[in-house]
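What's in upload34.pdb: PDB, C-alpha atoms, pLDDT in the B column
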MODEL        1
ATOM      1  CA  ASP E 261     -27.217   5.844  26.894  1.00 73.00           C
ATOM      2  CA  ALA E 262     -30.849   5.425  25.866  1.00 83.00           C
ATOM      3  CA  ARG E 263     -31.460   2.203  23.979  1.00 90.00           C
ATOM      4  CA  VAL E 264     -34.143   0.498  21.949  1.00 95.00           C
ATOM      5  CA  THR E 265     -35.132  -2.678  23.798  1.00 96.00           C
ATOM      6  CA  GLN E 266     -36.410  -5.744  21.997  1.00 97.00           C
ATOM      7  CA  THR E 267     -37.840  -8.910  23.517  1.00 97.00           C
ATOM      8  CA  PRO E 268     -37.376 -11.778  23.253  1.00 97.00           C
ATOM      9  CA  ARG E 269     -33.793 -11.903  21.982  1.00 96.00           C
ATOM     10  CA  HIS E 270     -34.284 -15.419  20.703  1.00 96.00           C
ATOM     11  CA  LYS E 271     -37.398 -17.400  19.816  1.00 97.00           C
ATOM     12  CA  VAL E 272     -37.683 -20.958  18.538  1.00 97.00           C
ATOM     13  CA  THR E 273     -41.114 -22.328  17.785  1.00 97.00           C
ATOM     14  CA  GLU E 274     -42.921 -24.700  15.477  1.00 96.00           C
ATOM     15  CA  MET E 275     -44.626 -23.649  12.305  1.00 96.00           C
ATOM     16  CA  GLY E 276     -48.226 -22.636  12.739  1.00 96.00           C
ATOM     17  CA  GLN E 277     -47.610 -21.036  16.135  1.00 97.00           C
ATOM     18  CA  GLU E 278     -48.244 -17.367  16.827  1.00 97.00           C
ATOM     19  CA  VAL E 279     -45.139 -15.267  17.423  1.00 98.00           C
ATOM     20  CA  THR E 280     -45.151 -11.866  19.102  1.00 98.00           C
ATOM     21  CA  MET E 281     -42.096  -9.626  19.138  1.00 98.00           C
ATOM     22  CA  ARG E 282     -41.969  -6.504  21.272  1.00 98.00           C
ATOM     23  CA  CYS E 283     -40.046  -3.274  21.061  1.00 98.00           C
ATOM     24  CA  GLN E 284     -39.639  -0.407  23.491  1.00 98.00           C
ATOM     25  CA  PRO E 285     -38.475   2.650  21.540  1.00 96.00           C
ATOM     26  CA  ILE E 286     -36.282   5.332  23.023  1.00 94.00           C
ATOM     27  CA  LEU E 287     -38.349   7.689  25.146  1.00 93.00           C
ATOM     28  CA  GLY E 288     -39.355  10.745  23.154  1.00 90.00           C
ATOM     29  CA  HIS E 289     -38.813   9.193  19.738  1.00 90.00           C
ATOM     30  CA  ASN E 290     -41.840   9.551  17.475  1.00 89.00           C
ATOM     31  CA  THR E 291     -40.996   7.093  14.690  1.00 91.00           C
ATOM     32  CA  VAL E 292     -40.678   3.315  14.952  1.00 94.00           C
ATOM     33  CA  PHE E 293     -39.486   0.978  12.221  1.00 94.00           C
ATOM     34  CA  TRP E 294     -39.565  -2.816  11.875  1.00 96.00           C
ATOM     35  CA  TYR E 295     -36.920  -4.491   9.703  1.00 95.00           C
ATOM     36  CA  ARG E 296     -36.208  -8.095   8.817  1.00 96.00           C
ATOM     37  CA  GLN E 297     -32.679  -9.309   8.111  1.00 93.00           C
ATOM     38  CA  THR E 298     -31.866 -12.487   6.213  1.00 93.00           C
ATOM     39  CA  MET E 299     -28.758 -13.674   4.405  1.00 88.00           C
ATOM     40  CA  MET E 300     -30.569 -13.770   1.085  1.00 88.00           C
ATOM     41  CA  GLN E 301     -32.529 -10.505   1.206  1.00 87.00           C
ATOM     42  CA  GLY E 302     -30.431  -8.396   3.536  1.00 88.00           C
ATOM     43  CA  LEU E 303     -32.308  -5.723   5.487  1.00 91.00           C
ATOM     44  CA  GLU E 304     -35.919  -5.195   4.484  1.00 91.00           C
ATOM     45  CA  LEU E 305     -38.276  -2.587   5.896  1.00 92.00           C
ATOM     46  CA  LEU E 306     -41.503  -4.230   6.972  1.00 95.00           C
ATOM     47  CA  ALA E 307     -43.454  -1.332   8.464  1.00 94.00           C
ATOM     48  CA  TYR E 308     -43.095   1.953  10.262  1.00 91.00           C
ATOM     49  CA  PHE E 309     -45.105   4.237  12.493  1.00 93.00           C
ATOM     50  CA  ARG E 310     -45.071   7.915  13.286  1.00 90.00           C
ATOM     51  CA  ASN E 311     -46.725   9.177  16.443  1.00 91.00           C
ATOM     52  CA  ARG E 312     -48.152   5.639  16.782  1.00 93.00           C
ATOM     53  CA  ALA E 313     -49.959   5.803  13.415  1.00 93.00           C
ATOM     54  CA  PRO E 314     -48.933   3.288  10.743  1.00 91.00           C
ATOM     55  CA  LEU E 315     -47.441   5.096   7.738  1.00 87.00           C
ATOM     56  CA  ASP E 316     -46.278   2.277   5.550  1.00 86.00           C
ATOM     57  CA  ASP E 317     -46.602  -1.485   5.873  1.00 87.00           C
ATOM     58  CA  SER E 318     -46.127  -2.332   2.216  1.00 87.00           C
ATOM     59  CA  GLY E 319     -43.127  -4.525   3.014  1.00 88.00           C
ATOM     60  CA  MET E 320     -45.120  -6.802   5.258  1.00 91.00           C
ATOM     61  CA  PRO E 321     -47.006  -9.961   4.203  1.00 88.00           C
ATOM     62  CA  LYS E 322     -50.509  -8.857   5.125  1.00 87.00           C
ATOM     63  CA  ASP E 323     -52.051 -12.257   5.465  1.00 92.00           C
ATOM     64  CA  ARG E 324     -49.906 -13.317   8.405  1.00 96.00           C
ATOM     65  CA  PHE E 325     -48.052 -10.300   9.767  1.00 96.00           C
ATOM     66  CA  SER E 326     -49.454  -7.448  11.810  1.00 96.00           C
ATOM     67  CA  ALA E 327     -47.778  -4.506  13.506  1.00 96.00           C
ATOM     68  CA  GLU E 328     -49.238  -2.234  16.166  1.00 95.00           C
ATOM     69  CA  MET E 329     -48.306   0.447  18.672  1.00 96.00           C
ATOM     70  CA  PRO E 330     -50.665   0.099  21.639  1.00 93.00           C
ATOM     71  CA  ASP E 331     -48.943   3.064  23.254  1.00 93.00           C
ATOM     72  CA  ALA E 332     -45.912   5.266  22.767  1.00 92.00           C
ATOM     73  CA  THR E 333     -43.654   2.920  24.739  1.00 95.00           C
ATOM     74  CA  LEU E 334     -44.524  -0.340  22.990  1.00 97.00           C
ATOM     75  CA  ALA E 335     -44.512  -1.601  19.421  1.00 97.00           C
ATOM     76  CA  THR E 336     -45.434  -5.169  18.538  1.00 97.00           C
ATOM     77  CA  LEU E 337     -44.939  -7.349  15.484  1.00 97.00           C
ATOM     78  CA  LYS E 338     -47.019 -10.506  15.270  1.00 97.00           C
ATOM     79  CA  ILE E 339     -46.858 -13.451  12.934  1.00 97.00           C
ATOM     80  CA  GLN E 340     -49.825 -15.803  12.808  1.00 97.00           C
ATOM     81  CA  PRO E 341     -49.479 -18.495  11.623  1.00 96.00           C
ATOM     82  CA  SER E 342     -45.693 -18.650  11.448  1.00 96.00           C
ATOM     83  CA  GLU E 343     -43.864 -20.454   8.652  1.00 96.00           C
ATOM     84  CA  PRO E 344     -40.244 -21.647   8.305  1.00 96.00           C
ATOM     85  CA  ARG E 345     -39.572 -18.903   5.731  1.00 95.00           C
ATOM     86  CA  ASP E 346     -40.210 -16.333   8.474  1.00 96.00           C
ATOM     87  CA  SER E 347     -36.976 -17.387  10.176  1.00 97.00           C
ATOM     88  CA  ALA E 348     -34.823 -14.256  10.343  1.00 97.00           C
ATOM     89  CA  VAL E 349     -33.568 -11.564  12.677  1.00 96.00           C
ATOM     90  CA  TYR E 350     -36.190  -8.876  13.260  1.00 97.00           C
ATOM     91  CA  PHE E 351     -34.972  -5.427  14.213  1.00 96.00           C
ATOM     92  CA  CYS E 352     -36.861  -2.531  15.674  1.00 96.00           C
ATOM     93  CA  ALA E 353     -35.487   0.982  15.276  1.00 93.00           C
ATOM     94  CA  SER E 354     -36.705   4.310  16.572  1.00 92.00           C
ATOM     95  CA  GLY E 355     -35.990   7.876  15.635  1.00 88.00           C
ATOM     96  CA  LEU E 356     -37.154  11.445  16.035  1.00 83.00           C
ATOM     97  CA  LEU E 357     -38.432  13.357  13.067  1.00 76.00           C
ATOM     98  CA  VAL E 358     -38.646  17.082  13.649  1.00 71.00           C
ATOM     99  CA  GLY E 359     -39.649  19.192  10.666  1.00 65.00           C
ATOM    100  CA  SER E 360     -37.542  17.998   7.746  1.00 58.00           C
ATOM    101  CA  GLY E 361     -34.560  16.977   9.828  1.00 58.00           C
ATOM    102  CA  ASN E 362     -32.760  13.772   8.977  1.00 55.00           C
ATOM    103  CA  GLN E 363     -32.400  12.163  12.363  1.00 66.00           C
ATOM    104  CA  PRO E 364     -30.522   8.851  12.536  1.00 77.00           C
ATOM    105  CA  GLN E 365     -32.372   5.719  13.511  1.00 85.00           C
ATOM    106  CA  HIS E 366     -31.369   3.818  16.640  1.00 89.00           C
ATOM    107  CA  PHE E 367     -31.591   0.047  16.406  1.00 92.00           C
ATOM    108  CA  GLY E 368     -32.343  -2.583  19.006  1.00 94.00           C
ATOM    109  CA  ASP E 369     -30.321  -5.780  19.206  1.00 93.00           C
ATOM    110  CA  GLY E 370     -32.963  -7.766  17.356  1.00 95.00           C
ATOM    111  CA  THR E 371     -35.083 -10.879  17.870  1.00 97.00           C
ATOM    112  CA  ARG E 372     -33.593 -13.986  16.281  1.00 96.00           C
ATOM    113  CA  LEU E 373     -36.567 -16.068  15.188  1.00 98.00           C
ATOM    114  CA  SER E 374     -36.377 -19.699  14.135  1.00 97.00           C
ATOM    115  CA  ILE E 375     -39.494 -21.471  12.871  1.00 97.00           C
ATOM    116  CA  LEU E 376     -39.105 -25.242  12.749  1.00 96.00           C
TER     117      LEU E 376
ATOM    118  CA  GLY W 101     -36.941   3.619  -6.939  1.00 80.00           C
ATOM    119  CA  ASN W 102     -34.078   4.529  -4.688  1.00 86.00           C
ATOM    120  CA  SER W 103     -31.338   1.959  -4.232  1.00 91.00           C
ATOM    121  CA  VAL W 104     -27.894   1.443  -2.762  1.00 94.00           C
ATOM    122  CA  THR W 105     -25.148  -0.765  -4.161  1.00 95.00           C
ATOM    123  CA  GLN W 106     -22.103  -1.581  -2.101  1.00 94.00           C
ATOM    124  CA  MET W 107     -19.148  -3.793  -2.823  1.00 88.00           C
ATOM    125  CA  GLU W 108     -19.625  -7.419  -2.010  1.00 84.00           C
ATOM    126  CA  GLY W 109     -17.503  -8.963   0.644  1.00 84.00           C
ATOM    127  CA  PRO W 110     -16.143 -10.463   2.521  1.00 94.00           C
ATOM    128  CA  VAL W 111     -13.143  -8.203   2.891  1.00 96.00           C
ATOM    129  CA  THR W 112     -10.156  -9.495   4.849  1.00 97.00           C
ATOM    130  CA  LEU W 113      -7.346  -7.176   5.865  1.00 97.00           C
ATOM    131  CA  SER W 114      -4.360  -7.193   8.148  1.00 97.00           C
ATOM    132  CA  GLU W 115      -4.232  -4.802  11.068  1.00 97.00           C
ATOM    133  CA  GLU W 116      -3.110  -1.276  10.083  1.00 96.00           C
ATOM    134  CA  ALA W 117      -4.091  -1.776   6.436  1.00 97.00           C
ATOM    135  CA  PHE W 118      -6.057   0.847   4.504  1.00 98.00           C
ATOM    136  CA  LEU W 119      -9.771   0.202   4.078  1.00 97.00           C
ATOM    137  CA  THR W 120     -12.120   1.238   1.302  1.00 97.00           C
ATOM    138  CA  ILE W 121     -15.681  -0.028   0.964  1.00 97.00           C
ATOM    139  CA  ASN W 122     -17.381   1.291  -2.126  1.00 97.00           C
ATOM    140  CA  CYS W 123     -20.971   2.511  -2.091  1.00 97.00           C
ATOM    141  CA  THR W 124     -22.985   4.042  -4.920  1.00 97.00           C
ATOM    142  CA  TYR W 125     -26.591   5.078  -4.910  1.00 96.00           C
ATOM    143  CA  THR W 126     -29.545   5.848  -7.132  1.00 94.00           C
ATOM    144  CA  ALA W 127     -32.009   8.380  -5.843  1.00 89.00           C
ATOM    145  CA  THR W 128     -34.374  11.113  -6.843  1.00 83.00           C
ATOM    146  CA  GLY W 129     -33.978  14.369  -5.023  1.00 80.00           C
ATOM    147  CA  TYR W 130     -31.247  14.904  -2.458  1.00 81.00           C
ATOM    148  CA  PRO W 131     -31.058  12.037   0.006  1.00 88.00           C
ATOM    149  CA  SER W 132     -28.992  11.912   3.164  1.00 88.00           C
ATOM    150  CA  LEU W 133     -26.374   9.172   3.212  1.00 91.00           C
ATOM    151  CA  PHE W 134     -25.303   6.962   6.095  1.00 92.00           C
ATOM    152  CA  TRP W 135     -22.892   4.238   7.073  1.00 95.00           C
ATOM    153  CA  TYR W 136     -24.064   1.834   9.758  1.00 94.00           C
ATOM    154  CA  VAL W 137     -21.956  -0.864  11.441  1.00 96.00           C
ATOM    155  CA  GLN W 138     -23.208  -4.155  12.865  1.00 94.00           C
ATOM    156  CA  TYR W 139     -21.089  -6.122  15.327  1.00 93.00           C
ATOM    157  CA  PRO W 140     -21.850  -9.829  15.846  1.00 88.00           C
ATOM    158  CA  GLY W 141     -25.093 -10.410  17.726  1.00 85.00           C
ATOM    159  CA  GLU W 142     -25.974  -6.743  17.857  1.00 88.00           C
ATOM    160  CA  GLY W 143     -28.151  -4.265  16.048  1.00 89.00           C
ATOM    161  CA  LEU W 144     -26.944  -1.637  13.642  1.00 91.00           C
ATOM    162  CA  GLN W 145     -25.184   1.444  14.954  1.00 92.00           C
ATOM    163  CA  LEU W 146     -24.809   4.689  13.099  1.00 91.00           C
ATOM    164  CA  LEU W 147     -21.164   5.182  12.161  1.00 95.00           C
ATOM    165  CA  LEU W 148     -21.349   8.437  10.200  1.00 94.00           C
ATOM    166  CA  LYS W 149     -23.611  10.459   7.964  1.00 90.00           C
ATOM    167  CA  ALA W 150     -23.656  13.245   5.389  1.00 90.00           C
ATOM    168  CA  THR W 151     -26.692  15.279   4.507  1.00 85.00           C
ATOM    169  CA  LYS W 152     -25.641  17.207   1.402  1.00 86.00           C
ATOM    170  CA  ALA W 153     -23.213  17.101  -1.494  1.00 89.00           C
ATOM    171  CA  ASP W 154     -19.514  17.469  -0.608  1.00 94.00           C
ATOM    172  CA  ASP W 155     -20.203  16.893   3.094  1.00 93.00           C
ATOM    173  CA  LYS W 156     -17.707  14.597   4.783  1.00 96.00           C
ATOM    174  CA  GLY W 157     -18.900  12.412   7.622  1.00 95.00           C
ATOM    175  CA  SER W 158     -16.322  11.079  10.045  1.00 96.00           C
ATOM    176  CA  ASN W 159     -16.204   9.026  13.225  1.00 96.00           C
ATOM    177  CA  LYS W 160     -13.712   6.692  14.942  1.00 95.00           C
ATOM    178  CA  GLY W 161     -11.169   7.193  12.157  1.00 97.00           C
ATOM    179  CA  PHE W 162     -13.675   6.340   9.429  1.00 98.00           C
ATOM    180  CA  GLU W 163     -14.733   8.899   6.861  1.00 98.00           C
ATOM    181  CA  ALA W 164     -16.900   9.152   3.767  1.00 98.00           C
ATOM    182  CA  THR W 165     -17.599  12.028   1.390  1.00 98.00           C
ATOM    183  CA  TYR W 166     -20.956  12.628  -0.302  1.00 95.00           C
ATOM    184  CA  ARG W 167     -20.109  12.840  -4.019  1.00 95.00           C
ATOM    185  CA  LYS W 168     -23.137  13.874  -6.006  1.00 92.00           C
ATOM    186  CA  GLU W 169     -21.333  13.877  -9.373  1.00 93.00           C
ATOM    187  CA  THR W 170     -20.428  10.204  -9.000  1.00 95.00           C
ATOM    188  CA  THR W 171     -23.395   9.297  -6.742  1.00 95.00           C
ATOM    189  CA  SER W 172     -20.989   7.701  -4.316  1.00 97.00           C
ATOM    190  CA  PHE W 173     -20.318   7.568  -0.581  1.00 97.00           C
ATOM    191  CA  HIS W 174     -17.251   5.362  -0.170  1.00 98.00           C
ATOM    192  CA  LEU W 175     -16.155   4.435   3.357  1.00 98.00           C
ATOM    193  CA  GLU W 176     -12.429   4.750   4.177  1.00 98.00           C
ATOM    194  CA  LYS W 177     -10.149   4.246   7.126  1.00 98.00           C
ATOM    195  CA  GLY W 178      -6.425   4.731   7.070  1.00 97.00           C
ATOM    196  CA  SER W 179      -5.438   2.038   9.545  1.00 96.00           C
ATOM    197  CA  VAL W 180      -7.897  -0.673  10.567  1.00 97.00           C
ATOM    198  CA  GLN W 181      -7.870  -2.511  13.877  1.00 97.00           C
ATOM    199  CA  VAL W 182      -9.047  -5.985  14.835  1.00 96.00           C
ATOM    200  CA  SER W 183     -11.936  -4.337  16.679  1.00 96.00           C
ATOM    201  CA  ASP W 184     -13.221  -2.933  13.356  1.00 97.00           C
ATOM    202  CA  SER W 185     -14.259  -6.434  12.267  1.00 97.00           C
ATOM    203  CA  ALA W 186     -17.996  -6.136  11.598  1.00 97.00           C
ATOM    204  CA  VAL W 187     -20.546  -5.801   8.813  1.00 96.00           C
ATOM    205  CA  TYR W 188     -20.842  -2.339   7.282  1.00 97.00           C
ATOM    206  CA  PHE W 189     -24.026  -1.058   5.649  1.00 96.00           C
ATOM    207  CA  CYS W 190     -24.387   1.927   3.375  1.00 96.00           C
ATOM    208  CA  ALA W 191     -27.838   3.518   3.426  1.00 92.00           C
ATOM    209  CA  LEU W 192     -29.771   6.476   2.129  1.00 90.00           C
ATOM    210  CA  SER W 193     -32.811   8.150   3.540  1.00 86.00           C
ATOM    211  CA  ASP W 194     -35.820   8.117   1.310  1.00 69.00           C
ATOM    212  CA  SER W 195     -37.208  11.502   2.221  1.00 63.00           C
ATOM    213  CA  GLN W 196     -40.014  11.543  -0.316  1.00 46.00           C
ATOM    214  CA  GLY W 197     -43.089  12.671   1.513  1.00 38.00           C
ATOM    215  CA  GLY W 198     -41.017  13.104   4.616  1.00 40.00           C
ATOM    216  CA  SER W 199     -41.010   9.390   5.237  1.00 46.00           C
ATOM    217  CA  GLU W 200     -37.415   9.174   6.403  1.00 74.00           C
ATOM    218  CA  LYS W 201     -37.287   5.509   5.437  1.00 80.00           C
ATOM    219  CA  LEU W 202     -33.814   4.033   5.088  1.00 86.00           C
ATOM    220  CA  VAL W 203     -32.792   2.012   2.045  1.00 88.00           C
ATOM    221  CA  PHE W 204     -29.839  -0.245   2.817  1.00 91.00           C
ATOM    222  CA  GLY W 205     -27.162  -1.884   0.749  1.00 93.00           C
ATOM    223  CA  LYS W 206     -26.542  -5.608   1.202  1.00 92.00           C
ATOM    224  CA  GLY W 207     -23.727  -5.097   3.676  1.00 94.00           C
ATOM    225  CA  THR W 208     -19.995  -5.798   3.499  1.00 96.00           C
ATOM    226  CA  LYS W 209     -18.378  -8.068   6.045  1.00 95.00           C
ATOM    227  CA  LEU W 210     -14.943  -6.918   7.162  1.00 97.00           C
ATOM    228  CA  THR W 211     -12.506  -9.161   8.991  1.00 97.00           C
ATOM    229  CA  VAL W 212      -9.284  -7.681  10.324  1.00 97.00           C
ATOM    230  CA  ASN W 213      -6.551 -10.124  11.307  1.00 96.00           C
ATOM    231  CA  PRO W 214      -3.800  -9.332  13.829  1.00 95.00           C
TER     232      PRO W 214
ENDMDL
END
Would you kindly transcribe this structure into structure tokens?
Amino acid sequence: DARVTQTPRHKVTEMGQEVTMRCQPILGHNTVFWYRQTMMQGLELLAYFRNRAPLDDSGMPKDRFSAEMPDATLATLKIQPSEPRDSAVYFCASGLLVGSGNQPQHFGDGTRLSIL
Amino acid sequence: GNSVTQMEGPVTLSEEAFLTINCTYTATGYPSLFWYVQYPGEGLQLLLKATKADDKGSNKGFEATYRKETTSFHLEKGSVQVSDSAVYFCALSDSQGGSEKLVFGKGTKLTVNP
């Protein structure tokens, strides 16, 4: 089965360091989402792209977070500088939007980030 | 804005018990509704979906019916197994502007004991 691949699976670093999380969407999918999961807030949408163009990043702290899609096979989420409150599991999901069809999103296994 | 409210857990059941996890939603327009399941250490997996009123989604013995009159999409299973222990998320698609964003509930943790 095709899968969304996220790297790294785990990351522990000190506050102030730059963190880069990577996602390889399923081949052929045209929409990529970044979510953050915490116990307190649950699942929050940070940003999403369609055909590599950012459509909505209103859920993302702009001063420290950035999301890009350098090409169709790679999405990145960067935090600079990182803070302890950024500790969470970050999920990437991809999907295929064709016309007005409601295609399900496929999730990766997440990056578990701990900022000390 | 659109929102999803699902029953708070955790829910603990014995094997072969009947399961219901309640989910209600608030939305403009006609959203699609989903149940996702998350096993420990993994990402979310689509369990079932319904795209219009009165549709019933079903998979692996789970089912949920899209009830527009009560704005609900309750998840049910007649006989749970230990392997069903996971966190279950109800979600709706926010299709305004064709965005296809998902709005999730907080999740309900289910533990099934032998």
Would you list which chain W residues are within 7 Å of chain E using all atoms listed in the file, as JSON, numbers by chain? {"W": [142, 143, 144, 145, 198, 204, 206]}
Any idea what's packed within 7 Å of Asn102 (chain W), counting only C-alpha atoms, ignoring anything in its chain fewer than 2 positions away? Could you give it as a VMD selection string? chain W and resid 126 to 128
Can you tell me, as a PyMOL selection string, what residues are no more than 10 Å from region 317-333 of chain E when counting only C-alpha atoms, ignoring any on the same chain fewer than 6 positions away? chain E and resi 278-296+304-311+339-343+346
Export of the given selection (C-alpha atoms) as a JSON list (two decimals), in the frame of the given file:
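Result file part.json:
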[["chain", "number", "residue", "atom", "x", "y", "z"],
["E", 278, "GLU", "CA", -48.24, -17.37, 16.83],
["E", 279, "VAL", "CA", -45.14, -15.27, 17.42],
["E", 280, "THR", "CA", -45.15, -11.87, 19.10],
["E", 281, "MET", "CA", -42.10, -9.63, 19.14],
["E", 282, "ARG", "CA", -41.97, -6.50, 21.27],
["E", 283, "CYS", "CA", -40.05, -3.27, 21.06],
["E", 284, "GLN", "CA", -39.64, -0.41, 23.49],
["E", 285, "PRO", "CA", -38.48, 2.65, 21.54],
["E", 286, "ILE", "CA", -36.28, 5.33, 23.02],
["E", 287, "LEU", "CA", -38.35, 7.69, 25.15],
["E", 288, "GLY", "CA", -39.35, 10.74, 23.15],
["E", 289, "HIS", "CA", -38.81, 9.19, 19.74],
["E", 290, "ASN", "CA", -41.84, 9.55, 17.48],
["E", 291, "THR", "CA", -41.00, 7.09, 14.69],
["E", 292, "VAL", "CA", -40.68, 3.32, 14.95],
["E", 293, "PHE", "CA", -39.49, 0.98, 12.22],
["E", 294, "TRP", "CA", -39.56, -2.82, 11.88],
["E", 295, "TYR", "CA", -36.92, -4.49, 9.70],
["E", 296, "ARG", "CA", -36.21, -8.10, 8.82],
["E", 304, "GLU", "CA", -35.92, -5.20, 4.48],
["E", 305, "LEU", "CA", -38.28, -2.59, 5.90],
["E", 306, "LEU", "CA", -41.50, -4.23, 6.97],
["E", 307, "ALA", "CA", -43.45, -1.33, 8.46],
["E", 308, "TYR", "CA", -43.10, 1.95, 10.26],
["E", 309, "PHE", "CA", -45.10, 4.24, 12.49],
["E", 310, "ARG", "CA", -45.07, 7.92, 13.29],
["E", 311, "ASN", "CA", -46.72, 9.18, 16.44],
["E", 339, "ILE", "CA", -46.86, -13.45, 12.93],
["E", 340, "GLN", "CA", -49.82, -15.80, 12.81],
["E", 341, "PRO", "CA", -49.48, -18.50, 11.62],
["E", 342, "SER", "CA", -45.69, -18.65, 11.45],
["E", 343, "GLU", "CA", -43.86, -20.45, 8.65],
["E", 346, "ASP", "CA", -40.21, -16.33, 8.47]]
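Across W:Leu175, W:Val182, W:Gln138, W:Val104, the tightest approach to Thr120 (chain W) is made by W:Leu175 when counting all atoms listed in the file.
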Atom-to-atom span, CA of Ser132 (chain W) and CA of Glu169 (chain W), Å: 14.8 Å
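Taken over the shown file, the PyMOL selection byres ((chain E and resi 275) around 8) identifies Thr273, Glu274, Gly276, Gln277, Pro341, Ser342, Glu343, Pro344, Ile375 and Leu376 of chain E.
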Generate a file of the selected residues that holds C-alpha atoms, formatted as an mmCIF file, in the coordinates of the input.
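As a result, out.cif now contains:
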data_model
loop_
_atom_site.group_PDB
_atom_site.id
_atom_site.type_symbol
_atom_site.label_atom_id
_atom_site.label_comp_id
_atom_site.auth_asym_id
_atom_site.auth_seq_id
_atom_site.Cartn_x
_atom_site.Cartn_y
_atom_site.Cartn_z
ATOM 1 C CA THR E 273 -41.114 -22.328 17.785
ATOM 2 C CA GLU E 274 -42.921 -24.700 15.477
ATOM 3 C CA GLY E 276 -48.226 -22.636 12.739
ATOM 4 C CA GLN E 277 -47.610 -21.036 16.135
ATOM 5 C CA PRO E 341 -49.479 -18.495 11.623
ATOM 6 C CA SER E 342 -45.693 -18.650 11.448
ATOM 7 C CA GLU E 343 -43.864 -20.454 8.652
ATOM 8 C CA PRO E 344 -40.244 -21.647 8.305
ATOM 9 C CA ILE E 375 -39.494 -21.471 12.871
ATOM 10 C CA LEU E 376 -39.105 -25.242 12.749
#
Find the residue from E:Leu373, E:Val358, E:Ala313, E:Ala348 that sits nearest to Thr267 (chain E); use all atoms listed in the file when measuring. E:Leu373
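We find CA of Gly178 (chain W) and CA of Ala117 (chain W) to be spaced 6.9 Å apart.
Applied to this file, the PyMOL selection byres ((chain W and resi 114) around 12) selects Val111, Thr112, Leu113, Glu115, Glu116, Ala117, Phe118, Leu119, Ser179, Val180, Gln181, Val182, Ser183, Asp184, Ser185, Leu210, Thr211, Val212, Asn213 and Pro214 of chain W.
What separates CA of Phe173 (chain W) from CA of Val203 (chain W) is a distance of 13.9 Å.
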Is it possible to get the axis-aligned box enclosing region 184-193 of chain W (all listed atoms, 3 Å extra per side) as AutoDock Vina command-line options, with centre and edge lengths in Å rounded to one decimal?
--center_x -23.0 --center_y 0.9 --center_z 7.7 --size_x 25.6 --size_y 20.6 --size_z 17.2
